[in-house]
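Okay, my_file33.csv now, which holds CSV, C-alpha atoms:
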```csv
chain,number,residue,atom,x,y,z
A,490,MET,CA,0.0,0.0,0.0
A,491,LYS,CA,1.3,3.4,-0.9
A,492,LYS,CA,2.4,5.9,1.8
A,493,THR,CA,-0.3,8.3,0.6
A,494,LEU,CA,-3.1,5.7,1.2
A,495,ILE,CA,-1.6,4.9,4.6
A,496,ALA,CA,-1.5,8.5,5.5
A,497,LEU,CA,-5.2,9.0,4.5
A,498,ALA,CA,-6.2,5.9,6.6
A,499,VAL,CA,-4.3,7.1,9.6
A,500,THR,CA,-5.6,10.6,9.3
A,501,SER,CA,-9.2,9.5,8.9
A,502,ALA,CA,-9.0,7.6,12.2
A,503,VAL,CA,-8.3,10.9,14.1
A,504,SER,CA,-11.0,13.4,14.8
A,505,VAL,CA,-9.8,16.9,13.7
A,506,PRO,CA,-11.4,20.2,13.0
A,507,ALA,CA,-12.7,20.6,9.5
A,508,PHE,CA,-10.6,23.7,8.8
A,509,ALA,CA,-7.3,22.1,9.7
A,510,GLN,CA,-5.0,20.7,7.0
A,511,ASN,CA,-3.4,17.7,8.5
A,512,SER,CA,-1.2,14.8,7.4
A,513,VAL,CA,0.0,11.7,9.3
A,514,THR,CA,2.3,9.2,7.6
A,515,LEU,CA,3.2,5.7,8.7
A,516,TYR,CA,6.6,4.5,7.4
A,517,GLY,CA,9.4,2.0,8.1
A,518,ILE,CA,12.5,0.2,7.1
A,519,ILE,CA,13.5,-3.5,7.7
A,520,ASP,CA,17.2,-4.3,7.2
A,521,LEU,CA,18.4,-7.8,7.8
A,522,GLY,CA,21.6,-9.7,6.9
A,523,ILE,CA,24.1,-12.5,7.6
A,524,ASP,CA,27.4,-11.4,9.0
A,525,TYR,CA,30.8,-13.1,9.1
A,526,VAL,CA,33.6,-11.8,11.3
A,527,ASN,CA,36.9,-13.6,11.3
A,528,ASN,CA,37.9,-12.7,14.8
A,529,VAL,CA,35.6,-11.7,17.7
A,530,GLY,CA,37.4,-12.3,21.0
A,531,GLY,CA,39.6,-14.9,19.3
A,532,HIS,CA,36.9,-16.8,17.4
A,533,ALA,CA,35.1,-16.6,14.1
A,534,GLN,CA,31.5,-15.4,14.3
A,535,TRP,CA,28.5,-16.0,12.1
A,536,ALA,CA,25.3,-14.0,13.0
A,537,GLU,CA,22.1,-12.6,11.6
A,538,ARG,CA,21.9,-8.9,12.4
A,539,SER,CA,19.3,-6.2,12.0
A,540,GLY,CA,19.6,-2.6,11.1
A,541,ILE,CA,23.2,-2.2,9.9
A,542,VAL,CA,22.8,-0.3,6.6
A,543,GLN,CA,19.8,1.5,8.1
A,544,GLY,CA,18.3,0.9,11.5
A,545,SER,CA,15.1,-1.2,11.3
A,546,ARG,CA,12.3,1.0,12.3
A,547,TRP,CA,8.7,2.1,12.0
A,548,GLY,CA,7.4,5.5,12.7
A,549,LEU,CA,4.6,8.1,12.5
A,550,LYS,CA,5.2,11.7,11.4
A,551,GLY,CA,2.7,14.4,10.7
A,552,SER,CA,1.8,18.1,10.6
A,553,GLU,CA,-1.1,20.4,11.2
A,554,ASP,CA,-1.5,23.7,9.3
A,555,LEU,CA,-1.9,26.5,11.8
A,556,GLY,CA,-2.2,29.2,9.3
A,557,GLY,CA,0.1,32.1,8.4
A,558,GLY,CA,2.7,29.6,7.0
A,559,THR,CA,3.1,27.9,10.4
A,560,LYS,CA,2.6,24.2,11.0
A,561,ALA,CA,2.7,22.0,14.1
A,562,ILE,CA,4.9,18.9,13.5
A,563,PHE,CA,5.7,15.7,15.3
A,564,GLN,CA,7.7,12.5,14.7
A,565,LEU,CA,7.6,9.3,16.7
A,566,GLU,CA,10.1,6.7,15.5
A,567,ASN,CA,10.6,3.2,17.0
A,568,GLY,CA,13.7,1.2,16.5
A,569,PHE,CA,13.6,-2.6,16.7
A,570,ASN,CA,15.7,-5.7,16.1
A,571,ALA,CA,14.1,-7.5,13.2
A,572,ALA,CA,16.1,-10.6,13.9
A,573,ASN,CA,14.4,-11.2,17.3
A,574,GLY,CA,11.6,-8.7,17.5
A,575,LYS,CA,13.0,-6.8,20.5
A,576,LEU,CA,13.0,-3.0,21.0
A,577,ALA,CA,16.3,-1.2,20.2
A,578,GLN,CA,17.8,1.9,21.8
A,579,GLY,CA,17.8,0.5,25.3
A,580,GLY,CA,14.3,-0.9,25.1
A,581,ARG,CA,12.6,2.5,24.4
A,582,GLU,CA,9.2,2.6,22.7
A,583,PHE,CA,10.3,5.5,20.4
A,584,GLY,CA,14.0,5.3,20.9
A,585,ARG,CA,15.1,6.7,17.5
A,586,GLN,CA,13.2,9.9,17.6
A,587,ALA,CA,10.3,11.4,19.6
A,588,TYR,CA,9.7,15.1,19.2
A,589,VAL,CA,7.0,17.8,18.6
A,590,GLY,CA,7.4,21.4,17.4
A,591,LEU,CA,6.6,24.2,15.1
A,592,THR,CA,7.9,25.0,11.6
A,593,ASN,CA,7.6,28.1,9.4
A,594,SER,CA,9.1,28.5,6.0
A,595,SER,CA,10.3,32.0,6.8
A,596,PHE,CA,11.4,31.6,10.5
A,597,GLY,CA,12.6,28.0,10.7
A,598,THR,CA,11.8,25.0,12.8
A,599,LEU,CA,11.8,24.6,16.6
A,600,THR,CA,11.4,21.1,18.1
A,601,LEU,CA,11.5,19.6,21.6
A,602,GLY,CA,12.2,16.0,22.6
A,603,ARG,CA,14.6,13.1,21.8
A,604,GLN,CA,16.4,14.1,18.7
A,605,TYR,CA,19.6,13.7,16.5
A,606,ASP,CA,22.6,15.8,17.4
A,607,PRO,CA,24.0,18.4,14.9
A,608,VAL,CA,26.9,16.2,13.9
A,609,VAL,CA,24.5,13.6,12.6
A,610,ASP,CA,22.2,16.2,11.1
A,611,MET,CA,24.9,18.2,9.3
A,612,ALA,CA,28.0,16.1,8.9
A,613,GLN,CA,26.9,12.4,8.7
A,614,ALA,CA,25.9,12.7,5.0
A,615,THR,CA,29.6,13.3,4.2
A,616,THR,CA,30.7,10.0,5.7
A,617,PHE,CA,30.6,6.6,4.0
A,618,ASN,CA,28.6,5.2,7.0
A,619,GLY,CA,26.2,8.0,6.4
A,620,GLN,CA,25.5,6.3,3.0
A,621,TRP,CA,25.9,2.7,4.0
A,622,GLY,CA,25.6,2.3,7.8
A,623,ALA,CA,27.4,1.1,10.9
A,624,TYR,CA,30.2,-1.1,9.7
A,625,PHE,CA,31.7,1.8,7.6
A,626,SER,CA,31.9,4.0,10.7
A,627,HIS,CA,35.1,5.4,12.1
A,628,PRO,CA,36.3,2.6,14.5
A,629,ALA,CA,33.3,1.4,16.6
A,630,ASP,CA,31.5,4.8,15.9
A,631,ILE,CA,33.8,6.5,18.5
A,632,ASP,CA,32.6,9.9,17.3
A,633,ASN,CA,28.9,9.1,16.9
A,634,THR,CA,28.8,10.0,13.2
A,635,ASP,CA,26.8,6.8,12.8
A,636,ASN,CA,24.2,8.0,15.3
A,637,GLY,CA,24.9,5.4,17.9
A,638,PHE,CA,23.0,7.5,20.5
A,639,ARG,CA,20.4,10.2,20.4
A,640,ILE,CA,20.0,13.3,22.6
A,641,ASN,CA,17.3,13.3,25.3
A,642,ASN,CA,15.5,16.4,26.6
A,643,ALA,CA,16.7,18.4,23.6
A,644,VAL,CA,15.5,21.8,22.2
A,645,LYS,CA,16.6,22.2,18.6
A,646,TYR,CA,16.3,25.1,16.2
A,647,VAL,CA,17.0,24.7,12.4
A,648,SER,CA,17.0,27.9,10.3
A,649,PRO,CA,15.4,28.2,6.9
A,650,SER,CA,17.7,27.7,3.9
A,651,PHE,CA,19.2,31.0,2.7
A,652,TYR,CA,20.9,30.7,-0.7
A,653,GLY,CA,21.8,27.1,0.2
A,654,LEU,CA,23.0,27.9,3.7
A,655,GLN,CA,21.4,26.4,6.8
A,656,ALA,CA,22.2,26.6,10.5
A,657,GLU,CA,21.2,24.5,13.5
A,658,GLY,CA,21.5,25.0,17.3
A,659,MET,CA,20.6,22.5,20.1
A,660,TYR,CA,20.6,22.4,23.9
A,661,ALA,CA,19.6,19.4,26.0
A,662,PHE,CA,18.7,19.8,29.6
A,663,GLY,CA,20.4,17.6,32.2
A,664,GLY,CA,17.5,17.9,34.6
A,665,GLN,CA,19.6,17.7,37.8
A,666,ALA,CA,18.4,19.9,40.6
A,667,GLY,CA,20.9,22.6,41.6
A,668,GLN,CA,23.3,21.6,38.7
A,669,PHE,CA,22.0,23.2,35.6
A,670,SER,CA,24.7,22.0,33.3
A,671,ASN,CA,25.3,18.5,34.6
A,672,ASN,CA,24.3,15.8,32.0
A,673,SER,CA,23.6,18.6,29.5
A,674,THR,CA,24.5,18.7,25.8
A,675,ILE,CA,25.0,21.7,23.6
A,676,GLY,CA,25.7,21.7,19.9
A,677,GLY,CA,25.5,23.5,16.6
A,678,GLY,CA,26.0,23.0,12.9
A,679,LEU,CA,26.1,24.6,9.4
A,680,SER,CA,25.5,23.2,5.9
A,681,TYR,CA,25.6,24.4,2.4
A,682,THR,CA,23.8,22.9,-0.6
A,683,GLY,CA,24.5,24.2,-4.1
A,684,GLY,CA,23.8,22.0,-7.1
A,685,PRO,CA,26.0,18.9,-6.9
A,686,LEU,CA,28.0,20.2,-3.9
A,687,TYR,CA,27.1,19.6,-0.2
A,688,ILE,CA,29.2,20.8,2.7
A,689,GLY,CA,28.3,20.1,6.3
A,690,ALA,CA,29.9,20.6,9.7
A,691,GLY,CA,28.6,19.8,13.2
A,692,TYR,CA,29.6,20.1,16.8
A,693,PHE,CA,28.4,18.9,20.2
A,694,TYR,CA,29.7,18.9,23.8
A,695,ALA,CA,28.1,16.6,26.4
A,696,LYS,CA,28.8,16.7,30.1
A,697,ASN,CA,28.7,13.4,32.0
A,698,PRO,CA,27.8,11.5,28.8
A,699,ASP,CA,27.8,7.9,30.2
A,700,GLY,CA,24.4,6.8,31.3
A,701,SER,CA,25.0,3.0,31.3
A,702,THR,CA,24.9,0.7,34.3
A,703,THR,CA,27.6,-0.6,36.6
A,704,PRO,CA,28.1,-4.4,37.0
A,705,ALA,CA,25.9,-4.3,40.1
A,706,GLY,CA,23.1,-2.7,38.0
A,707,ALA,CA,23.2,0.7,39.5
A,708,SER,CA,22.2,3.3,37.0
A,709,LEU,CA,24.7,6.1,36.2
A,710,SER,CA,23.3,9.6,35.8
A,711,GLY,CA,24.8,10.5,32.4
A,712,GLN,CA,23.1,11.6,29.2
A,713,PHE,CA,23.5,8.6,26.9
A,714,ASN,CA,22.4,5.1,27.9
A,715,ASP,CA,21.3,3.6,24.6
A,716,GLY,CA,24.3,3.4,22.4
A,717,ASN,CA,28.0,2.5,22.6
A,718,PHE,CA,28.5,3.9,26.1
A,719,ALA,CA,25.9,1.5,27.4
A,720,GLY,CA,27.6,-1.5,25.7
A,721,PHE,CA,31.2,-0.8,26.4
A,722,SER,CA,31.9,1.5,29.3
A,723,THR,CA,33.9,0.9,32.4
A,724,ALA,CA,32.1,1.3,35.8
A,725,PRO,CA,33.6,3.6,38.4
A,726,GLY,CA,36.2,1.9,40.4
A,727,ALA,CA,36.6,-1.0,38.0
A,728,ALA,CA,39.7,-1.7,35.9
A,729,ALA,CA,39.6,-0.1,32.5
A,730,LYS,CA,38.5,-2.4,29.7
A,731,THR,CA,41.2,-3.2,27.2
A,732,ASP,CA,38.8,-4.7,24.7
A,733,GLY,CA,38.3,-2.3,21.8
A,734,ILE,CA,38.5,1.4,21.3
A,735,TRP,CA,35.7,2.2,23.8
A,736,GLY,CA,37.8,0.5,26.5
A,737,LEU,CA,40.2,3.4,26.2
A,738,VAL,CA,37.5,5.8,27.2
A,739,GLY,CA,35.6,4.2,30.1
A,740,ILE,CA,33.5,6.8,31.9
A,741,PRO,CA,34.6,10.3,30.9
A,742,SER,CA,33.4,13.6,32.4
A,743,SER,CA,32.7,15.0,29.0
A,744,MET,CA,32.6,14.2,25.3
A,745,GLN,CA,33.2,16.7,22.5
A,746,VAL,CA,32.8,16.0,18.8
A,747,VAL,CA,33.7,18.2,15.8
A,748,SER,CA,33.0,16.8,12.3
A,749,ALA,CA,33.1,18.4,8.8
A,750,GLY,CA,33.0,17.1,5.3
A,751,ALA,CA,31.7,17.4,1.8
A,752,THR,CA,30.2,15.4,-1.0
A,753,TYR,CA,30.1,16.1,-4.8
A,754,THR,CA,27.8,14.4,-7.3
A,755,LEU,CA,28.9,14.2,-10.9
A,756,GLY,CA,26.4,12.2,-13.0
A,757,PRO,CA,26.3,8.6,-11.7
A,758,ALA,CA,29.3,9.2,-9.4
A,759,MET,CA,29.5,10.6,-5.9
A,760,ILE,CA,32.7,11.3,-3.9
A,761,GLY,CA,32.9,12.4,-0.3
A,762,GLY,CA,35.4,13.2,2.4
A,763,ASN,CA,35.1,13.8,6.2
A,764,PHE,CA,37.2,14.8,9.1
A,765,SER,CA,36.2,14.3,12.7
A,766,ASN,CA,37.8,14.9,16.1
A,767,VAL,CA,36.4,13.5,19.3
A,768,ARG,CA,37.8,14.4,22.8
A,769,PHE,CA,37.0,12.8,26.1
A,770,GLU,CA,38.1,14.5,29.4
A,771,ASN,CA,38.9,12.6,32.6
A,772,ALA,CA,38.5,9.3,30.7
A,773,ASN,CA,38.2,6.0,32.6
A,774,SER,CA,37.3,8.2,35.7
A,775,THR,CA,40.9,9.3,35.8
A,776,PRO,CA,41.4,13.1,36.5
A,777,GLY,CA,43.4,14.7,33.8
A,778,ASN,CA,43.3,11.8,31.4
A,779,THR,CA,42.4,13.2,28.0
A,780,VAL,CA,41.7,10.7,25.2
A,781,TRP,CA,41.2,12.0,21.7
A,782,PHE,CA,40.9,10.6,18.2
A,783,ASN,CA,41.1,12.1,14.7
A,784,SER,CA,39.5,10.3,11.7
A,785,TYR,CA,40.2,11.2,8.1
A,786,GLU,CA,38.0,9.6,5.4
A,787,LEU,CA,37.7,9.5,1.6
A,788,TRP,CA,35.1,7.5,-0.3
A,789,GLY,CA,33.3,7.2,-3.6
A,790,GLN,CA,30.4,5.3,-5.2
A,791,TYR,CA,29.2,4.8,-8.7
A,792,ASN,CA,25.9,3.8,-10.2
A,793,LEU,CA,26.7,1.2,-12.9
A,794,THR,CA,23.0,1.2,-13.9
A,795,PRO,CA,20.0,2.9,-12.3
A,796,ALA,CA,19.6,-0.3,-10.2
A,797,ALA,CA,23.3,-1.3,-9.5
A,798,LEU,CA,25.8,0.6,-7.4
A,799,VAL,CA,29.4,-0.1,-6.2
A,800,GLY,CA,31.4,1.9,-3.7
A,801,ALA,CA,34.6,1.9,-1.6
A,802,GLY,CA,36.3,4.1,1.0
A,803,TYR,CA,39.2,4.3,3.3
A,804,THR,CA,39.5,5.8,6.9
A,805,PHE,CA,42.6,6.5,8.9
A,806,THR,CA,42.1,7.1,12.6
A,807,ASN,CA,44.8,8.2,15.1
A,808,GLY,CA,44.6,9.2,18.7
A,809,LYS,CA,46.3,9.5,22.1
A,810,VAL,CA,45.6,8.3,25.7
A,811,ASP,CA,47.3,10.8,28.0
A,812,ALA,CA,47.3,8.6,31.1
A,813,THR,CA,49.2,5.7,29.4
A,814,GLY,CA,50.9,7.5,26.5
A,815,GLN,CA,49.2,5.1,24.0
A,816,LYS,CA,48.9,6.4,20.5
A,817,PRO,CA,46.5,4.1,18.7
A,818,LYS,CA,46.2,4.1,14.9
A,819,TYR,CA,43.7,2.3,12.7
A,820,GLY,CA,43.4,1.9,9.0
A,821,GLN,CA,40.1,0.7,7.5
A,822,LEU,CA,39.1,-0.3,4.0
A,823,ASN,CA,35.3,-0.5,3.2
A,824,ALA,CA,33.5,-1.8,0.1
A,825,VAL,CA,29.9,-2.3,-1.0
A,826,ALA,CA,27.8,-3.5,-3.9
A,827,ASP,CA,24.1,-2.9,-4.0
A,828,TYR,CA,21.3,-3.9,-6.4
A,829,HIS,CA,17.7,-2.6,-6.3
A,830,LEU,CA,15.0,-5.2,-7.0
A,831,SER,CA,12.4,-2.5,-6.9
A,832,LYS,CA,12.1,1.1,-5.8
A,833,ARG,CA,11.7,0.0,-2.2
A,834,THR,CA,13.7,-3.2,-1.9
A,835,ASP,CA,17.4,-3.8,-2.5
A,836,VAL,CA,20.0,-6.5,-1.8
A,837,TYR,CA,23.6,-5.8,-1.0
A,838,VAL,CA,27.0,-7.3,-0.1
A,839,MET,CA,29.6,-5.4,1.9
A,840,GLY,CA,33.0,-6.0,3.4
A,841,VAL,CA,35.5,-4.3,5.8
A,842,TRP,CA,39.1,-4.9,6.6
A,843,GLN,CA,40.6,-3.0,9.6
A,844,HIS,CA,44.2,-3.0,10.7
A,845,ALA,CA,45.4,-1.6,14.1
A,846,MET,CA,48.8,-0.1,13.3
A,847,SER,CA,50.1,0.9,16.7
A,848,GLY,CA,49.3,1.9,20.2
A,849,ASN,CA,49.0,-1.5,21.8
A,850,VAL,CA,45.4,-2.0,20.6
A,851,ASN,CA,43.6,-4.6,18.6
A,852,ALA,CA,41.4,-4.1,15.6
A,853,ASP,CA,37.9,-3.0,16.4
A,854,ILE,CA,35.5,-2.6,13.5
A,855,TYR,CA,32.4,-2.3,15.9
A,856,ALA,CA,32.9,-4.2,19.2
A,857,PRO,CA,29.6,-2.9,20.7
A,858,ILE,CA,27.8,-4.8,17.9
A,859,PHE,CA,30.0,-7.8,17.6
A,860,GLY,CA,30.4,-8.2,21.4
A,861,SER,CA,34.2,-8.0,21.4
A,862,ALA,CA,37.1,-6.6,19.5
A,863,SER,CA,39.6,-8.8,17.6
A,864,THR,CA,42.4,-10.4,19.6
A,865,THR,CA,44.9,-9.4,16.8
A,866,SER,CA,45.8,-6.3,14.9
A,867,ASN,CA,43.4,-7.3,12.1
A,868,GLN,CA,39.7,-7.9,11.7
A,869,VAL,CA,37.7,-8.7,8.6
A,870,MET,CA,33.9,-8.6,8.2
A,871,ALA,CA,31.5,-9.5,5.4
A,872,ARG,CA,27.8,-9.1,5.2
A,873,VAL,CA,25.0,-10.1,2.7
A,874,GLY,CA,21.7,-8.4,3.4
A,875,ILE,CA,18.3,-7.2,2.2
A,876,ARG,CA,16.5,-3.9,2.9
A,877,HIS,CA,12.9,-3.1,2.4
A,878,LYS,CA,11.3,0.3,2.9
A,879,PHE,CA,7.6,1.0,3.4
```
Show me this structure written as structure tokens.
Amino acid sequence: MKKTLIALAVTSAVSVPAFAQNSVTLYGIIDLGIDYVNNVGGHAQWAERSGIVQGSRWGLKGSEDLGGGTKAIFQLENGFNAANGKLAQGGREFGRQAYVGLTNSSFGTLTLGRQYDPVVDMAQATTFNGQWGAYFSHPADIDNTDNGFRINNAVKYVSPSFYGLQAEGMYAFGGQAGQFSNNSTIGGGLSYTGGPLYIGAGYFYAKNPDGSTTPAGASLSGQFNDGNFAGFSTAPGAAAKTDGIWGLVGIPSSMQVVSAGATYTLGPAMIGGNFSNVRFENANSTPGNTVWFNSYELWGQYNLTPAALVGAGYTFTNGKVDATGQKPKYGQLNAVADYHLSKRTDVYVMGVWQHAMSGNVNADIYAPIFGSASTTSNQVMARVGIRHKF
């Protein structure tokens, strides 16, 4: 059934004033595939996984015309694991997005709720993972360019486009009495779209970002408890994890990300490049321990036919752990081939090879998904999958 018919059916089920122009759309994506990883904690791994190229989801989004060029808008988006039917994003009902707001073509858009950060909104499209998902992220999505977590309690403003330029600002409340800035997040971004050229840059700074749980089950008070922090952090007082890139971070007092890049489309070809810097202060609960990573990425993709696409990219990541003097370096090669069976259904095959070059670390394509990093300096992953949009 077409989206327009679904939208009419959903709208007709809601009682609204006759003068209001309303729309409600039901939509979704199911992405499933079979993964092979050569080394996960010392063993080969075969697994069926959901939501790698795009997160499996269903959602509702809609608007109400308030007159004068202003509309009320909302979006509720549920993430789920299509392999087992469970909720994603830490078991949230609408873990991907949940917001309401107002939009006006002349004044911009203001929204409140659980939302994407400006790095995702403005810079993600310039990364290869922005095109093809989690496994092409900078190691284990250390900089959240793959949207591993969302921002709770956020107020976001997005400006109208002015000669291709658009700006965004965001603030997320921590909600801690007597400590206005604790657990808060602030961010901003800029983008430019002009013909075949897109340029985007985003920034966010989060205080007390880790909201995962300790081994005893005690909840931490940080901002993020649905993504990579929840899966791979180190509890206060515990020994720092050595398994993967997130084990170098533990529980920091802050997280700062700056990311910028560009894409250019020329006929059937698209090329892109991205730089990101992520910085964690007081990492692994150690005062003065700064951990930072820089990632440099180039990629390209080409439509062989309207239905068939191939692409490849390379990422180099380096960093430093002040407390230990470690200087980890990673090189990662990504490749994908995709074929559309129809407008809404495609099949794909992808592969990743990562090599940890130095810094006394092992390869880690995406330990929070695999369950563990490699036990050597190399890790190889291959996936065959299918994606359907409705």
Counting all atoms listed in the file, which residues of stretch 777-846 of chain A fall within 12 Å of stretch 542-560 of chain A, and what is the closest atom pair for each with its distance in Å at one decimal, ordered by chain and rising number, as a Markdown table?
```
| residue | atom | partner | partner_atom | distance |
| --- | --- | --- | --- | --- |
| A:Val825 | CA | A:Val542 | CA | 10.6 |
| A:Asp827 | CA | A:Val542 | CA | 11.0 |
| A:Asp835 | CA | A:Val542 | CA | 11.1 |
| A:Val836 | CA | A:Val542 | CA | 10.8 |
| A:Tyr837 | CA | A:Val542 | CA | 9.4 |
| A:Val838 | CA | A:Val542 | CA | 10.6 |
| A:Met839 | CA | A:Val542 | CA | 9.7 |
```
Return as a Markdown table the residues of stretch 602-631 of chain A lying at most 10 Å from stretch 810-824 of chain A, together with the closest atom-to-atom pair for each and the distance in Å to one decimal, counting only C-alpha atoms, with rows in chain order and ascending residue number.
```
| residue | atom | partner | partner_atom | distance |
| --- | --- | --- | --- | --- |
| A:Phe617 | CA | A:Asn823 | CA | 8.6 |
| A:Asn618 | CA | A:Asn823 | CA | 9.6 |
| A:Trp621 | CA | A:Ala824 | CA | 9.7 |
| A:Tyr624 | CA | A:Asn823 | CA | 8.3 |
| A:Phe625 | CA | A:Asn823 | CA | 6.1 |
| A:Ser626 | CA | A:Asn823 | CA | 9.4 |
| A:His627 | CA | A:Gln821 | CA | 8.3 |
| A:Pro628 | CA | A:Tyr819 | CA | 7.6 |
```
Which residue out of A:Thr794, A:Asn807, A:Thr754, A:Thr634 has the minimum interatomic distance to A:Ala690 when only C-alpha atoms are used? A:Thr634
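Across A:Gly800, A:Pro741, A:Gly848, A:Gly590, the tightest approach to A:Ile562 is made by A:Gly590 when counting all atoms listed in the file.
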Rank A:Trp788, A:Trp535, A:Phe782, A:Phe583 by their smallest atom-to-atom distance to A:Ala871, using all atoms listed in the file, and report the top residue only. A:Trp535
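If you measure from each of A:Phe805, A:Ile740, A:Gly574, A:Gln620 to A:Gly789 using all atoms listed in the file, the closest one turns out to be A:Gln620.
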Near A:Tyr525, within 10 Å and counting only C-alpha atoms, which residues show up once chain neighbours fewer than 4 positions away are dropped, as an MDAnalysis selection string? chainID A and resid 529 533:537 840 869:873
So which one's closest to A:Gln564, A:Ile523, A:Ile675, A:Val513, A:Ala856? Using only C-alpha atoms, please.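 Closest residue, counting only C-alpha atoms: A:Val513.
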Name the closest residue to A:Tyr785 among the candidates A:Asn567, A:Thr615, A:Gln578, A:Ser743; distances are taken between atoms, counting all atoms listed in the file.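 The shortest atom-to-atom distance to A:Tyr785 comes from A:Thr615.
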Within 12 Å of stretch 682-688 of chain A, which residues of stretch 526-629 of chain A show up? Give each one with its shortest atom-to-atom distance in Å (one decimal) and the two atoms involved, counting only C-alpha atoms, rows by chain then rising residue number, as a Markdown table.
```
| residue | atom | partner | partner_atom | distance |
| --- | --- | --- | --- | --- |
| A:Asp610 | CA | A:Ile688 | CA | 11.9 |
| A:Met611 | CA | A:Ile688 | CA | 8.3 |
| A:Ala612 | CA | A:Ile688 | CA | 7.9 |
| A:Gln613 | CA | A:Ile688 | CA | 10.6 |
| A:Ala614 | CA | A:Tyr687 | CA | 8.7 |
| A:Thr615 | CA | A:Ile688 | CA | 7.7 |
| A:Thr616 | CA | A:Ile688 | CA | 11.3 |
```
Provide the atom CA of A:Leu521 to atom CA of A:Leu565 distance in Å, to one decimal place.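 Calculated distance between atom CA of A:Leu521 and atom CA of A:Leu565 is 22.1 Å.
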